[in-house]
Amino acid sequence: MPLVCWFEECRKEAVPLVGGKCASLGELIHAGVRVPPGFALTTEGTRRFMAEAGIGEEVRSLLAGVDVEDHGALEQASAQVRAAIEAHPFSLEIEDLVAECYRKLAVRCCVPALPVAVRSSATAEDLPGASFAGQQDSFLWIRGVDEVLSHMRRCISSLYTARAIAYRANRGFGDAEVAISVGVQKMANSFTAGVMFTLHPANGDRSVIVIDSNFGFGESVVSGEVTPDHFVVNKITLDIIDRRISQKQLCYSVDPLTQRSRAMEVPFERQRVQSLIDDEITELAWMGKKIEKHYGCPMDIEWAVDKDLPAGGNIFILQARPETVWSAKSQSAAAAPGGSAMDYILSAMLAGKKVT
Amino acid sequence: MKFPVPHDVKAKTIPGTEGWERMYPYQYQFATDDPVRNKYEKDTFWFYDGLHYPEPLYPFDTIWDEAWYLALSQFNNRIFMVPPVRGVDHRIINGYVYISPVPVKDPEEIGRRVPNFMERAGFYYKNWDALEAKWKVKMEATIRELEAVRIPRLQDMEDMRVVTDAIGESHGYHLLKNYDDLINLGIKCWQYHFEFLNLGYAAYVFFLDFVQKLFPSIPAQRVTQMVSGIDVIMYQPDEELKKLARKAIELGVDSAVTFSPEWTKVEAALKKLPKGVEWLRSLDLAREPWFNISTGTGWYHHDRSWNDQMNVPLSGIATYIGKIRQGVSIDRPTAKVRAERDRITAEYRGLIEKAEDRKQFDELLGCAKTVFPYVENHLFYVEHWFHSVFWNKIREVGAIMKEHGVIGNVEDVWLLRRDEIKQALWDIVTAWATGVTPRGSQTWPREIAWRKGVMQKFKEWSAPPAIGTAPELIQEPFTIVLWGVTNKSLADWAAVQEAKDPQSITELKGFAGSPGVIEGRARVCKTVSEVGLLQQGEILVAPTTSPSWAPAFAKIGACITDVGGVMSHAAIVCREYGMPAVVGTGHATKIIKTGMMLRVDGSTGAVTIAR
């Protein structure tokens, strides 16, 4: 079993190897959807790390006999375990493999010391439920191979937060059964970003894709701090059937000093400029359609147009999850009782059409 | 939204047109001396029927307005018993027609009409194809009858045959009778016109309504696309031109056919070539009936047919010959259109979640497909073939009137109402019989000169899109789809009309007729005779288009019209050719000038003018 692998090498079946998050990224790539490129340290890689360094033993002894009901004791044990994991270096083999992948990734993206997101990816089959997944950490804007390696260890150690330990104990999972993979993914350096629904959030119309966009990172759109540009695309034909260009006063961009995202003012002359060009809208909608088809239900998607990469290969899907509002509503049928053409014509004629 | 009071609009008579009311039937006037009628008119919503009448009506041309006033209303209200609506009422201001659907207000009466409607309309829907076949027979017989009507000249001495055959009737009597026959055939033709049309539109409108309920954002053009690609005879005239283009190349006479835009010169050249004579024979076969296609909508007497203006089809044939020589296919991309139609239909259907909705979708789509050919084909029989023959028959009547000095010019005949023509014919035949001068030879020329001035002033007047009191609910199927009457469309029209400076307008709104975005140079063609000026890739800007414009669509990049909805000719043809169209803009030909750079967004219905 490989210790590291690229996202594009993963499929659904790879969940035990790279966890749910990385496997679904691989799936999206194979469905023809572009996601920011990256690689994963596999569950085999983390297992090897724990075993080689003898951490497995250490952890077991630290956790042995801890009363999971005793909050103080649990916190203390968790802190000790996590410190132990984070202090251990990876083996040279793993370090070399990760460093090589990171170097290749930077070359691919044409950015030296490429900023990446480092996040854990759990094997969802073993550990179902968001309650566990939520415990793992994501680290953004990480640069340089040493930083990447140390944050990978922090991801692994996030398996041993007090809550995670208690959760497993209560569910009867052994700590040894825990498998985790760590994903390293290019930070989307958004020129423009936003959200996309594969149905109309206002009326539930499934024949359209609705896109909201603003310059910079998607935070300004998700948080509702600006009125974003708004596009309605016909899902069947992919033409833009409605558009509303807003005045966008602020956007989020990376601060070069702190390497953190922060709000800044959009220059006045750009405020009323369409933040996404028509070709990008069409391509994005096409991706949305693919994603919906792949998952078989309306989706709520976060996306970005990356400014580090050339046009034609720079639109990325960051996150895709099933839409919940309309999908939960049960809608009444539009058909007339009886269902013949005449039945409908009569009932619709009697209802009339509102003019005002 | 507030609209002007009809009587106020009418009260502002254009100076110099006082007394214009006598040019139209009296019941078309907004009344001030009848309190009950006056109140009804004030409380009613009237919209300008720009779809049929982009120009003011000539007194004679009012015949078709009265014909459909009667026919549409009777089929709705007295024959099929459409539950919530009666007929469509008509008025005229300054030559422009205003119409209004009349609702059934009493819910109990609506309820009583339901079973009748279900039985009667149901019978037509169920037996549609068989009844439509009968319709074609009736209609063709009516046209043949029209073609057979003779308008006799009055002889100084009647033929000997009148004596030897003991006919017992004079040409004077025949003139009166045959004129009546012409008029009666015209009215009959319009009776048939509406036999299927209301129900056809209803099927189509409520399919649209249903699909929009399932998919509130679906553009209407996508729904019409689901019934596209069905063979209709409205394409036949254009197909004949293509056939003639191929035939010309096959016979090697294509250079003779294209050597001049003047038909008379081309015809003379062809007659000298043996193969040219053969080609002319093929042409003659195509002309009957296919060149009875009007170069306009057929609603106005000045919409002449291809047969009357052979330069128009000639220019079409020349365009197609040019395309074939360049190796460009001139076939309609029917297979592609059908494949795209089927893909779109299947994808939308696949998004319908409930089984009963899917079933209803199938039922309504099936019904819309059944009625679609009639909805298209009747236009050829009535507005084109019948009307083209009819206008020319009336010109023959005009020629008699001119001969007897009642009018100065054949084309003056249109300035008389049809009952006034009948009166004038009485004047002529009695004077002829008696051997005196018709009184009308002194009165009509003066009246006609005045009416011409009035018509010119009417043309310069801008008709408000709507007057009266807007209702909350419209149930008449035509009103919604054909005229596209919605608050939004009226507001868009009103906005353009109110713009102080037409030079400053940079955006026009219309209906999204056919999807796609294109930029290009405008070519404004007010009539089909101007389409010869079109350059490859230009954007055609026209008041409205009709099948005789078809060859123009082989050249253009997009089309914009003043009048029409998503089912209008321009929208349908552009969808067939896969090029953008924005239809029903209200004023495009007034605001856009040839040579302007335009951006046409056929997906949203927006036209942007680069100034």
# chains A, B, ... in the order shown; residues from 1 in each chain; ligands from 1
$ interface_residues --of "chain B" --to "chain A" --cutoff "8 Å" --atoms "only C-alpha atoms" --output "NGL selection string"
:B and (83-84 or 118 or 122 or 202-203 or 206 or 209-210 or 213-219 or 344 or 347-348 or 351 or 354 or 356-357 or 359-360 or 363-364 or 367 or 471-477 or 486-487 or 515-516 or 603-604)
$ write_last_selection --atoms "C-alpha atoms" --output "CSV table (one decimal), in the first residue's frame"
chain,number,residue,atom,x,y,z
B,83,PRO,CA,-65.8,28.9,-19.1
B,84,PRO,CA,-64.1,32.0,-17.8
B,118,MET,CA,-65.4,19.8,-21.7
B,122,GLY,CA,-62.9,17.7,-25.8
B,202,ALA,CA,-55.0,26.9,-25.4
B,203,ALA,CA,-53.2,23.6,-25.6
B,206,PHE,CA,-51.3,25.7,-20.9
B,209,ASP,CA,-48.1,27.3,-18.0
B,210,PHE,CA,-47.6,23.8,-16.6
B,213,LYS,CA,-45.1,25.9,-12.7
B,214,LEU,CA,-42.6,23.0,-12.5
B,215,PHE,CA,-39.7,25.2,-13.6
B,216,PRO,CA,-40.4,28.8,-12.7
B,217,SER,CA,-37.3,30.1,-14.4
B,218,ILE,CA,-37.7,28.2,-17.7
B,219,PRO,CA,-37.5,30.6,-20.7
B,344,ILE,CA,-33.8,19.2,-23.9
B,347,GLU,CA,-33.5,16.6,-19.6
B,348,TYR,CA,-36.3,18.7,-18.3
B,351,LEU,CA,-35.9,16.8,-13.5
B,354,LYS,CA,-43.4,13.4,-9.1
B,356,GLU,CA,-48.1,12.4,-11.7
B,357,ASP,CA,-46.4,15.5,-12.9
B,359,LYS,CA,-47.6,12.0,-16.7
B,360,GLN,CA,-49.2,15.4,-17.0
B,363,GLU,CA,-50.1,14.4,-21.9
B,364,LEU,CA,-49.8,18.2,-22.4
B,367,CYS,CA,-51.5,17.6,-27.0
B,471,PRO,CA,-57.2,43.7,-14.4
B,472,GLU,CA,-55.5,41.5,-11.8
B,473,LEU,CA,-56.2,38.3,-13.8
B,474,ILE,CA,-56.1,37.4,-17.4
B,475,GLN,CA,-57.7,34.1,-18.5
B,476,GLU,CA,-57.9,34.5,-22.2
B,477,PRO,CA,-55.3,32.2,-23.7
B,486,THR,CA,-47.8,41.1,-18.7
B,487,ASN,CA,-47.1,44.0,-16.4
B,515,PRO,CA,-31.0,31.9,-27.3
B,516,GLY,CA,-27.4,33.0,-27.8
B,603,SER,CA,-31.2,34.4,-23.8
B,604,THR,CA,-32.4,37.4,-21.8
$ residues_around --residues "Ala84 (chain A)" --least-positions-apart "2" --cutoff "9 Å" --atoms "only C-alpha atoms" --output "list of chain:residue names"
A:Ile55, A:Glu58, A:Val59, A:Ala79, A:Gln80, A:Val81, A:Arg82, A:Glu86, A:Ala87, A:His88, A:Ser157
$ write_last_selection --atoms "C-alpha atoms" --output "PDB file, in the first residue's frame"
ATOM      1  CA  ILE A  55       4.186   6.244  19.278  1.00  0.00           C
ATOM      2  CA  GLU A  58       3.285   5.376  24.026  1.00  0.00           C
ATOM      3  CA  VAL A  59      -0.211   6.480  23.231  1.00  0.00           C
ATOM      4  CA  ALA A  79      -2.593  16.980  25.762  1.00  0.00           C
ATOM      5  CA  GLN A  80       0.179  14.511  26.555  1.00  0.00           C
ATOM      6  CA  VAL A  81      -0.667  12.260  23.628  1.00  0.00           C
ATOM      7  CA  ARG A  82      -0.890  15.133  21.187  1.00  0.00           C
ATOM      8  CA  GLU A  86       3.661  16.380  17.365  1.00  0.00           C
ATOM      9  CA  ALA A  87       7.189  16.047  18.756  1.00  0.00           C
ATOM     10  CA  HIS A  88       8.083  12.910  16.787  1.00  0.00           C
ATOM     11  CA  SER A 157      -2.725  14.394  16.674  1.00  0.00           C
TER      12      SER A 157
END
$ residues_around --residues "Lys247 (chain B)" --least-positions-apart "4" --cutoff "8 Å" --atoms "only C-alpha atoms" --output "ChimeraX atom specification"
/B:243,251,279
$ select_by_dssp --residues "region 6-131 of chain A" --states "alpha helix (DSSP H)" --output "PyMOL selection string"
chain A and resi 15-30+43-52+55-63+71-87+92-109+130-131
$ write_last_selection --atoms "C-alpha atoms" --output "short mmCIF file (atom, residue, chain, number, x, y, z; two decimals), in the first residue's frame"
data_model
loop_
_atom_site.label_atom_id
_atom_site.label_comp_id
_atom_site.auth_asym_id
_atom_site.auth_seq_id
_atom_site.Cartn_x
_atom_site.Cartn_y
_atom_site.Cartn_z
CA VAL A 15 -11.79 5.70 1.37
CA PRO A 16 -9.98 3.22 3.67
CA LEU A 17 -6.68 4.47 2.26
CA VAL A 18 -7.12 8.26 2.07
CA GLY A 19 -10.31 8.93 4.02
CA GLY A 20 -13.61 10.33 2.83
CA LYS A 21 -12.55 13.90 2.08
CA CYS A 22 -9.59 13.02 -0.15
CA ALA A 23 -11.42 10.15 -1.85
CA SER A 24 -14.32 12.46 -2.75
CA LEU A 25 -11.85 14.97 -4.21
CA GLY A 26 -10.51 12.11 -6.37
CA GLU A 27 -14.04 11.21 -7.38
CA LEU A 28 -14.76 14.79 -8.45
CA ILE A 29 -11.59 14.85 -10.54
CA HIS A 30 -12.70 11.68 -12.29
CA THR A 43 -3.79 5.88 6.39
CA GLU A 44 -0.95 3.43 5.78
CA GLY A 45 1.45 6.37 6.02
CA THR A 46 0.08 7.54 9.36
CA ARG A 47 -0.04 3.96 10.66
CA ARG A 48 3.61 3.49 9.66
CA PHE A 49 4.48 6.80 11.38
CA MET A 50 2.80 5.77 14.61
CA ALA A 51 4.39 2.33 14.50
CA GLU A 52 7.91 3.30 13.44
CA ILE A 55 4.19 6.24 19.28
CA GLY A 56 1.48 3.64 19.14
CA GLU A 57 2.80 2.05 22.31
CA GLU A 58 3.28 5.38 24.03
CA VAL A 59 -0.21 6.48 23.23
CA ARG A 60 -1.73 3.24 24.39
CA SER A 61 0.01 3.49 27.74
CA LEU A 62 -0.93 7.15 28.15
CA LEU A 63 -4.55 6.37 27.51
CA HIS A 71 -12.99 15.59 32.14
CA GLY A 72 -9.81 16.91 33.73
CA ALA A 73 -7.96 13.61 33.45
CA LEU A 74 -9.08 13.17 29.87
CA GLU A 75 -7.90 16.63 28.88
CA GLN A 76 -4.55 15.99 30.48
CA ALA A 77 -4.08 12.64 28.75
CA SER A 78 -5.13 14.17 25.43
CA ALA A 79 -2.59 16.98 25.76
CA GLN A 80 0.18 14.51 26.56
CA VAL A 81 -0.67 12.26 23.63
CA ARG A 82 -0.89 15.13 21.19
CA ALA A 83 2.41 16.61 22.38
CA ALA A 84 4.08 13.22 21.94
CA ILE A 85 2.77 12.85 18.38
CA GLU A 86 3.66 16.38 17.37
CA ALA A 87 7.19 16.05 18.76
CA LEU A 92 13.17 9.76 6.41
CA GLU A 93 11.20 7.72 3.90
CA ILE A 94 7.95 9.53 4.63
CA GLU A 95 9.66 12.90 4.82
CA ASP A 96 11.25 12.33 1.42
CA LEU A 97 7.99 11.21 -0.14
CA VAL A 98 6.06 14.19 1.25
CA ALA A 99 8.82 16.64 0.31
CA GLU A 100 8.92 15.27 -3.23
CA CYS A 101 5.13 15.54 -3.62
CA TYR A 102 5.13 19.05 -2.21
CA ARG A 103 7.93 20.07 -4.60
CA LYS A 104 6.07 18.62 -7.58
CA LEU A 105 2.87 20.33 -6.49
CA ALA A 106 4.65 23.70 -6.31
CA VAL A 107 6.10 23.16 -9.78
CA ARG A 108 2.69 22.21 -11.11
CA CYS A 109 1.21 25.39 -9.75
CA ALA A 130 -20.12 14.56 11.69
CA SER A 131 -19.47 14.58 15.41
#
$ residues_around --residues "region 35-42 of chain B" --least-positions-apart "5" --cutoff "12 Å" --atoms "only C-alpha atoms" --output "ChimeraX atom specification"
/B:3-9,27-30,89-91,98-100,102,467-470
$ write_last_selection --atoms "C-alpha atoms" --output "PDB file, in the first residue's frame"
ATOM      1  CA  PHE B   3     -52.842  53.813 -17.853  1.00  0.00           C
ATOM      2  CA  PRO B   4     -54.549  56.746 -19.567  1.00  0.00           C
ATOM      3  CA  VAL B   5     -58.340  56.890 -19.767  1.00  0.00           C
ATOM      4  CA  PRO B   6     -59.345  55.802 -23.308  1.00  0.00           C
ATOM      5  CA  HIS B   7     -61.704  58.723 -23.814  1.00  0.00           C
ATOM      6  CA  ASP B   8     -58.995  61.201 -22.831  1.00  0.00           C
ATOM      7  CA  VAL B   9     -56.618  59.695 -25.374  1.00  0.00           C
ATOM      8  CA  GLN B  27     -69.183  50.431 -32.900  1.00  0.00           C
ATOM      9  CA  TYR B  28     -65.379  50.766 -32.782  1.00  0.00           C
ATOM     10  CA  GLN B  29     -65.571  54.203 -31.176  1.00  0.00           C
ATOM     11  CA  PHE B  30     -65.065  54.914 -27.498  1.00  0.00           C
ATOM     12  CA  ASP B  89     -63.808  43.338 -27.657  1.00  0.00           C
ATOM     13  CA  HIS B  90     -62.380  45.871 -30.136  1.00  0.00           C
ATOM     14  CA  ARG B  91     -61.985  49.654 -30.399  1.00  0.00           C
ATOM     15  CA  TYR B  98     -57.259  48.247 -29.089  1.00  0.00           C
ATOM     16  CA  ILE B  99     -58.580  44.961 -27.785  1.00  0.00           C
ATOM     17  CA  SER B 100     -59.778  43.533 -24.508  1.00  0.00           C
ATOM     18  CA  VAL B 102     -64.267  39.997 -21.821  1.00  0.00           C
ATOM     19  CA  ILE B 467     -55.261  52.266 -21.859  1.00  0.00           C
ATOM     20  CA  GLY B 468     -58.024  51.838 -19.299  1.00  0.00           C
ATOM     21  CA  THR B 469     -57.960  49.896 -16.055  1.00  0.00           C
ATOM     22  CA  ALA B 470     -55.561  46.945 -15.707  1.00  0.00           C
TER      23      ALA B 470
END
